[in-house]
Amino acid sequence: MADARVEAHWLKAEERLAAAHDLVTFRRYEDAVSRAYYAAFHAATATLLSLGIESKTHGGLRALFALHVVRPGLVARGVGRSLEDLYDNRRRSDYEVATYFGEEDAESALALAEAFLAACRHVIGEGRAEP
């Protein structure tokens, strides 16, 4: 990755994904769901930055990712949908008191985040060393 910001966001994506895995181990499922979204958030940010596009908000990031990454077919539509799903789950886990996320929900969020990072890694390209 040529851009230091791309690399920094990619590192955060990987760290958030690792944290989500740790949180599942310790049965902190709602926090794992939240960290899974932030892994995807940072991966999406790195991807957009690698294309010369910057966003200032969560909503802007999701819209720009859809416009510049999903719509042109750089990733499958399902990848874009997973970013929306992860965001919605994060919002619900962080702010809705009556919402409960269990182990299956957290594992599902982890799987979505892992697939999202893999798709973003592909878009960012060969300049990215494999983990």
# chains A, B, ... in the order shown; residues from 1 in each chain; ligands from 1
call {"tool": "residues_around", "arguments": {"residues": "Leu110 of chain A", "least_positions_apart": "3", "cutoff": "9 Å", "atoms": "only C-alpha atoms", "output": "ChimeraX atom specification"}}
result
/A:17,20-21,32-33,35-37,105-107,113-115
call {"tool": "residues_around", "arguments": {"residues": "Glu30 of chain A", "least_positions_apart": "4", "cutoff": "12 Å", "atoms": "only C-alpha atoms", "output": "PyMOL selection string"}}
result
chain A and resi 20-21+23-24+26+34-37+86+89-110
call {"tool": "atom_distance", "arguments": {"atom1": "atom CA of Ser82 of chain A", "atom2": "atom CA of Ala40 of chain A"}}
result
8.9 Å
call {"tool": "atom_distance", "arguments": {"atom1": "atom CA of His122 of chain A", "atom2": "atom CA of Trp10 of chain A"}}
result
12.4 Å
call {"tool": "atom_distance", "arguments": {"atom1": "atom CA of Leu49 of chain A", "atom2": "atom CA of Val6 of chain A"}}
result
6.0 Å
call {"tool": "residues_around", "arguments": {"residues": "Thr45 of chain A", "least_positions_apart": "4", "cutoff": "8 Å", "atoms": "only C-alpha atoms", "output": "JSON, numbers by chain"}}
result
{"A": [6, 9, 41, 49, 54, 55, 61]}
call {"tool": "select_by_dssp", "arguments": {"residues": "chain A", "states": "alpha helix (DSSP H)", "output": "VMD selection string"}}
result
chain A and resid 4 to 25 29 to 50 58 to 65 77 to 95 103 to 124
call {"tool": "closest_residue", "arguments": {"among": "A:Arg62, A:Lys12, A:Arg121, A:Lys56", "to": "Tyr38 of chain A", "atoms": "only C-alpha atoms"}}
result
A:Lys12
call {"tool": "residues_around", "arguments": {"residues": "Ala119 of chain A", "least_positions_apart": "5", "cutoff": "10 Å", "atoms": "only C-alpha atoms", "output": "VMD selection string"}}
result
chain A and resid 43 to 44 47 74 to 76 79 to 80 113 to 114 124
call {"tool": "closest_residue", "arguments": {"among": "A:Val69, A:Ala4, A:Gly60, A:Ala13", "to": "Ala39 of chain A", "atoms": "only C-alpha atoms"}}
result
A:Ala13
